[in-house]
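**Student:** One structure coming up, written as structure tokens, with questions to follow.
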Amino acid sequence: MAINRQPVARRCKKYDISPSVLGYSGKETWRNQNGNRRRKASEYSLQLNEKQKVKFIYGILEKQSRHIYEEADRMPGVTGENMIMLLETRLDNVVYRLGLCQTRKQARQLVSHAHFLVNGKKVNIPSYRVKVGDVISVRNRSKDIDIFKSVKEEGPSQVIPKWVELNQEELSGKVLALPTSEDLDYDLQTNLIVEFYSK
């Protein structure tokens with residue numbers, strides 16, 4: 001699998017997003033403060049930047065990103081909103097949004113290692129799509145891991161969006177509704193991504 005080893009803070013600066021969006025509250029970079037003050041970006045550059053930003057935030061590759069766009073385009077409704085819904089309802093993202101993990105990268109790894117159940121069944125696929133009413137819970141034998149113990153004792157590390165609810169005592173959560181662009185904790189121009197892929 002392709003791995004981008006560029007520092008997180010530098011990529012956050014490039015895409016003009018806060019590291020806290022990814023769960024990194026202590027990361028900052030002060031290098032090259034005026035580095036973004038360059039000539040006016042082209043239309044293609046703006047579209048590419050938004051597409052790369054989404055891939056960076058959700059930790060997906062180009063093939064996955066294009067597949068999500070194609071699926072969103074086939075669905076009824078606005079393609080951009082459909083893309084957000086498909087990205088946000090990935091199991092690794094839902095686990096992160098519930099506050100059970102500190103970062104999406106950590107959530108992806110813990111899902112891959114089969115620490116979570118969906119409606120009582122073991123799921124180890126980070127891209128698994130959850131639905132409204134699904135219950136995501138930590139496996140009983142995994143509840144002694146330090147990450148989950150700290151959530152149970154201290155609570156989630158970030159604000160939980162309104163479309164999911166967390167049961168802190170049981171280390172479980174439920175999907176209450178499908179997410180929309182209003183539920184995002186960062187700015188995203190989905191129309192630019194749609195324009196990029198529709199060429």
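Within each chain, counting starts at residue 1; across the structure tokens, chains are named A, B, ... in the order shown, with ligands numbered 1 upward in that order.
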Within region 42-103 of chain A, find each residue whose DSSP state, derived from the backbone, is helix (DSSP H, G or I), and express the selection as JSON, numbers by chain.
**Tutor:** {"A": [43, 44, 45, 46, 47, 48, 49, 50, 51, 52, 53, 54, 55, 56, 57, 58, 62, 63, 64, 65, 66, 67, 68, 69, 70, 71, 72, 73, 74, 79, 80, 81, 82, 83, 84, 85, 86, 87, 88, 91, 92, 93, 94, 95, 96, 97]}
**Student:** Next, the residues of the selection above should be written as a short mmCIF file (atom, residue, chain, number, x, y, z; two decimals), in the first residue's frame with N, CA and C atoms.
**Tutor:**
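The resulting file, result37.cif, is shown below:
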```cif
data_model
loop_
_atom_site.label_atom_id
_atom_site.label_comp_id
_atom_site.auth_asym_id
_atom_site.auth_seq_id
_atom_site.Cartn_x
_atom_site.Cartn_y
_atom_site.Cartn_z
N GLU A 43 -7.54 26.81 -12.15
CA GLU A 43 -8.77 26.08 -11.82
C GLU A 43 -8.46 24.61 -11.56
N TYR A 44 -7.60 24.03 -12.40
CA TYR A 44 -7.21 22.63 -12.24
C TYR A 44 -6.50 22.42 -10.90
N SER A 45 -5.64 23.36 -10.56
CA SER A 45 -4.90 23.27 -9.30
C SER A 45 -5.84 23.28 -8.09
N LEU A 46 -6.86 24.12 -8.13
CA LEU A 46 -7.84 24.18 -7.03
C LEU A 46 -8.61 22.87 -6.91
N GLN A 47 -9.00 22.32 -8.07
CA GLN A 47 -9.74 21.05 -8.06
C GLN A 47 -8.87 19.92 -7.53
N LEU A 48 -7.64 19.86 -7.99
CA LEU A 48 -6.71 18.82 -7.54
C LEU A 48 -6.45 18.93 -6.04
N ASN A 49 -6.31 20.15 -5.57
CA ASN A 49 -6.03 20.39 -4.15
C ASN A 49 -7.16 19.87 -3.26
N GLU A 50 -8.42 20.13 -3.66
CA GLU A 50 -9.56 19.66 -2.88
C GLU A 50 -9.63 18.13 -2.88
N LYS A 51 -9.35 17.54 -4.02
CA LYS A 51 -9.37 16.07 -4.12
C LYS A 51 -8.29 15.46 -3.24
N GLN A 52 -7.09 16.04 -3.27
CA GLN A 52 -5.98 15.54 -2.46
C GLN A 52 -6.25 15.75 -0.97
N LYS A 53 -6.93 16.84 -0.64
CA LYS A 53 -7.27 17.12 0.76
C LYS A 53 -8.15 16.02 1.33
N VAL A 54 -9.18 15.62 0.56
CA VAL A 54 -10.10 14.57 1.01
C VAL A 54 -9.35 13.24 1.18
N LYS A 55 -8.49 12.92 0.23
CA LYS A 55 -7.71 11.68 0.32
C LYS A 55 -6.82 11.69 1.57
N PHE A 56 -6.22 12.83 1.86
CA PHE A 56 -5.35 12.97 3.03
C PHE A 56 -6.13 12.83 4.34
N ILE A 57 -7.27 13.49 4.43
CA ILE A 57 -8.06 13.47 5.67
C ILE A 57 -8.57 12.07 5.98
N TYR A 58 -9.10 11.38 4.97
CA TYR A 58 -9.70 10.06 5.21
C TYR A 58 -8.73 8.90 5.02
N GLU A 62 -6.08 6.81 -4.44
CA GLU A 62 -6.74 7.36 -5.62
C GLU A 62 -7.83 6.44 -6.16
N LYS A 63 -7.56 5.14 -6.18
CA LYS A 63 -8.54 4.19 -6.70
C LYS A 63 -9.81 4.22 -5.85
N GLN A 64 -9.65 4.28 -4.53
CA GLN A 64 -10.81 4.35 -3.63
C GLN A 64 -11.57 5.65 -3.82
N SER A 65 -10.82 6.74 -3.97
CA SER A 65 -11.43 8.06 -4.14
C SER A 65 -12.29 8.10 -5.41
N ARG A 66 -11.75 7.59 -6.50
CA ARG A 66 -12.50 7.58 -7.76
C ARG A 66 -13.72 6.68 -7.65
N HIS A 67 -13.56 5.54 -6.99
CA HIS A 67 -14.70 4.61 -6.82
C HIS A 67 -15.82 5.28 -6.02
N ILE A 68 -15.46 6.03 -4.99
CA ILE A 68 -16.46 6.73 -4.18
C ILE A 68 -17.19 7.78 -5.02
N TYR A 69 -16.44 8.51 -5.86
CA TYR A 69 -17.08 9.49 -6.74
C TYR A 69 -18.06 8.81 -7.70
N GLU A 70 -17.63 7.71 -8.31
CA GLU A 70 -18.49 7.02 -9.28
C GLU A 70 -19.75 6.49 -8.62
N GLU A 71 -19.61 5.98 -7.40
CA GLU A 71 -20.78 5.48 -6.66
C GLU A 71 -21.72 6.64 -6.31
N ALA A 72 -21.13 7.76 -5.85
CA ALA A 72 -21.93 8.94 -5.49
C ALA A 72 -22.66 9.50 -6.70
N ASP A 73 -22.02 9.43 -7.87
CA ASP A 73 -22.61 9.95 -9.10
C ASP A 73 -23.81 9.13 -9.54
N ARG A 74 -23.79 7.82 -9.24
CA ARG A 74 -24.90 6.94 -9.61
C ARG A 74 -26.10 7.08 -8.66
N THR A 79 -24.28 14.94 -6.12
CA THR A 79 -23.10 14.07 -6.09
C THR A 79 -22.14 14.44 -4.95
N GLY A 80 -21.91 15.73 -4.75
CA GLY A 80 -21.00 16.18 -3.69
C GLY A 80 -21.46 15.76 -2.30
N GLU A 81 -22.77 15.93 -2.04
CA GLU A 81 -23.33 15.51 -0.74
C GLU A 81 -23.26 14.00 -0.58
N ASN A 82 -23.50 13.29 -1.67
CA ASN A 82 -23.40 11.82 -1.62
C ASN A 82 -21.99 11.37 -1.30
N MET A 83 -21.00 12.07 -1.86
CA MET A 83 -19.60 11.73 -1.57
C MET A 83 -19.29 11.89 -0.09
N ILE A 84 -19.74 13.00 0.50
CA ILE A 84 -19.51 13.24 1.92
C ILE A 84 -20.15 12.14 2.75
N MET A 85 -21.38 11.76 2.39
CA MET A 85 -22.07 10.70 3.13
C MET A 85 -21.31 9.39 3.04
N LEU A 86 -20.82 9.05 1.85
CA LEU A 86 -20.08 7.79 1.67
C LEU A 86 -18.76 7.80 2.44
N LEU A 87 -18.08 8.93 2.47
CA LEU A 87 -16.80 9.04 3.19
C LEU A 87 -17.01 8.99 4.70
N GLU A 88 -18.02 9.71 5.17
CA GLU A 88 -18.24 9.80 6.61
C GLU A 88 -18.80 8.51 7.21
N LEU A 91 -16.51 2.75 8.26
CA LEU A 91 -16.41 2.30 9.64
C LEU A 91 -15.26 2.95 10.39
N ASP A 92 -14.08 3.08 9.75
CA ASP A 92 -12.95 3.70 10.46
C ASP A 92 -13.24 5.15 10.82
N ASN A 93 -13.95 5.87 9.94
CA ASN A 93 -14.30 7.26 10.24
C ASN A 93 -15.34 7.35 11.35
N VAL A 94 -16.32 6.45 11.34
CA VAL A 94 -17.36 6.47 12.38
C VAL A 94 -16.75 6.19 13.75
N VAL A 95 -15.82 5.24 13.80
CA VAL A 95 -15.12 4.93 15.06
C VAL A 95 -14.38 6.17 15.57
N TYR A 96 -13.74 6.89 14.65
CA TYR A 96 -13.03 8.13 15.02
C TYR A 96 -14.02 9.20 15.47
N ARG A 97 -15.12 9.36 14.74
CA ARG A 97 -16.10 10.40 15.06
C ARG A 97 -16.81 10.12 16.39
#
```
**Student:** Using the chain letters and numbers from this document, which residues of chain A does DSSP assign to strand (DSSP E or B), as a PyMOL selection string?
**Tutor:** chain A and resi 90+116-118+121-122+129+135-138+164-167+172-175
**Student:** Taking 5 positions as the minimum chain separation for residues in the same chain, which residues sit within 7 Å of region 157-169 of chain A when counting only C-alpha atoms? Answer as number ranges by chain.
**Tutor:** A: 97-99, 102, 152, 174-179, 183
**Student:** By how many Å are CA of Leu117 (chain A) and CA of Lys105 (chain A) apart?
**Tutor:**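 Interatomic distance here is 18.3 Å.
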**Student:** Using only C-alpha atoms, can you tell me which of A:Ser150, A:Ser127, A:Ser181, A:Asn119 comes closest to Ala107 (chain A)?
**Tutor:**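 For Ala107 (chain A), the nearest of the candidates is A:Ser127.
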**Student:** Using only C-alpha atoms, determine which residues lie at most 10 Å from Asn124 (chain A), disregarding the query and same-chain residues fewer than 5 positions distant; provide the list as a PyMOL selection string.
**Tutor:** chain A and resi 91-92+108-118
**Student:** What would the file look like if the residues just selected were written as a PDB file, in the first residue's frame with N, CA and C atoms?
**Tutor:**
```pdb
ATOM      1  N   LEU A  91     -16.506   2.751   8.255  1.00  0.00           N
ATOM      2  CA  LEU A  91     -16.406   2.295   9.642  1.00  0.00           C
ATOM      3  C   LEU A  91     -15.257   2.952  10.391  1.00  0.00           C
ATOM      4  N   ASP A  92     -14.085   3.084   9.752  1.00  0.00           N
ATOM      5  CA  ASP A  92     -12.952   3.700  10.460  1.00  0.00           C
ATOM      6  C   ASP A  92     -13.244   5.153  10.820  1.00  0.00           C
ATOM      7  N   ARG A 108      -8.357   3.253  11.781  1.00  0.00           N
ATOM      8  CA  ARG A 108      -8.190   2.303  10.675  1.00  0.00           C
ATOM      9  C   ARG A 108      -7.422   1.067  11.139  1.00  0.00           C
ATOM     10  N   GLN A 109      -6.365   1.278  11.899  1.00  0.00           N
ATOM     11  CA  GLN A 109      -5.553   0.159  12.364  1.00  0.00           C
ATOM     12  C   GLN A 109      -6.338  -0.733  13.333  1.00  0.00           C
ATOM     13  N   LEU A 110      -7.071  -0.112  14.258  1.00  0.00           N
ATOM     14  CA  LEU A 110      -7.829  -0.890  15.239  1.00  0.00           C
ATOM     15  C   LEU A 110      -8.983  -1.657  14.593  1.00  0.00           C
ATOM     16  N   VAL A 111      -9.606  -1.059  13.574  1.00  0.00           N
ATOM     17  CA  VAL A 111     -10.648  -1.785  12.834  1.00  0.00           C
ATOM     18  C   VAL A 111     -10.027  -2.977  12.111  1.00  0.00           C
ATOM     19  N   SER A 112      -8.873  -2.774  11.483  1.00  0.00           N
ATOM     20  CA  SER A 112      -8.184  -3.851  10.760  1.00  0.00           C
ATOM     21  C   SER A 112      -7.806  -4.997  11.690  1.00  0.00           C
ATOM     22  N   HIS A 113      -7.529  -4.673  12.953  1.00  0.00           N
ATOM     23  CA  HIS A 113      -7.150  -5.693  13.929  1.00  0.00           C
ATOM     24  C   HIS A 113      -8.367  -6.302  14.633  1.00  0.00           C
ATOM     25  N   ALA A 114      -9.561  -6.016  14.105  1.00  0.00           N
ATOM     26  CA  ALA A 114     -10.818  -6.638  14.548  1.00  0.00           C
ATOM     27  C   ALA A 114     -11.154  -6.360  16.014  1.00  0.00           C
ATOM     28  N   HIS A 115     -11.004  -5.112  16.437  1.00  0.00           N
ATOM     29  CA  HIS A 115     -11.367  -4.737  17.805  1.00  0.00           C
ATOM     30  C   HIS A 115     -12.811  -4.268  17.917  1.00  0.00           C
ATOM     31  N   PHE A 116     -13.537  -4.199  16.789  1.00  0.00           N
ATOM     32  CA  PHE A 116     -14.892  -3.643  16.807  1.00  0.00           C
ATOM     33  C   PHE A 116     -15.932  -4.619  16.274  1.00  0.00           C
ATOM     34  N   LEU A 117     -17.145  -4.456  16.778  1.00  0.00           N
ATOM     35  CA  LEU A 117     -18.297  -5.215  16.311  1.00  0.00           C
ATOM     36  C   LEU A 117     -19.309  -4.245  15.710  1.00  0.00           C
ATOM     37  N   VAL A 118     -19.981  -4.663  14.652  1.00  0.00           N
ATOM     38  CA  VAL A 118     -21.093  -3.893  14.089  1.00  0.00           C
ATOM     39  C   VAL A 118     -22.330  -4.758  14.213  1.00  0.00           C
TER      40      VAL A 118
END
```
**Student:** Could you tell me how far CA of Lys131 (chain A) lies from CA of Pro76 (chain A), in Å and to one decimal?
**Tutor:**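 Taking CA of Lys131 (chain A) as the start and CA of Pro76 (chain A) as the end point, the length is 16.9 Å.
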**Student:** Between CA of Pro126 (chain A) and CA of Gly155 (chain A), measure the distance and give it in Å to one decimal.
**Tutor:**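 Interatomic distance, CA of Pro126 (chain A) to CA of Gly155 (chain A): 23.0 Å.
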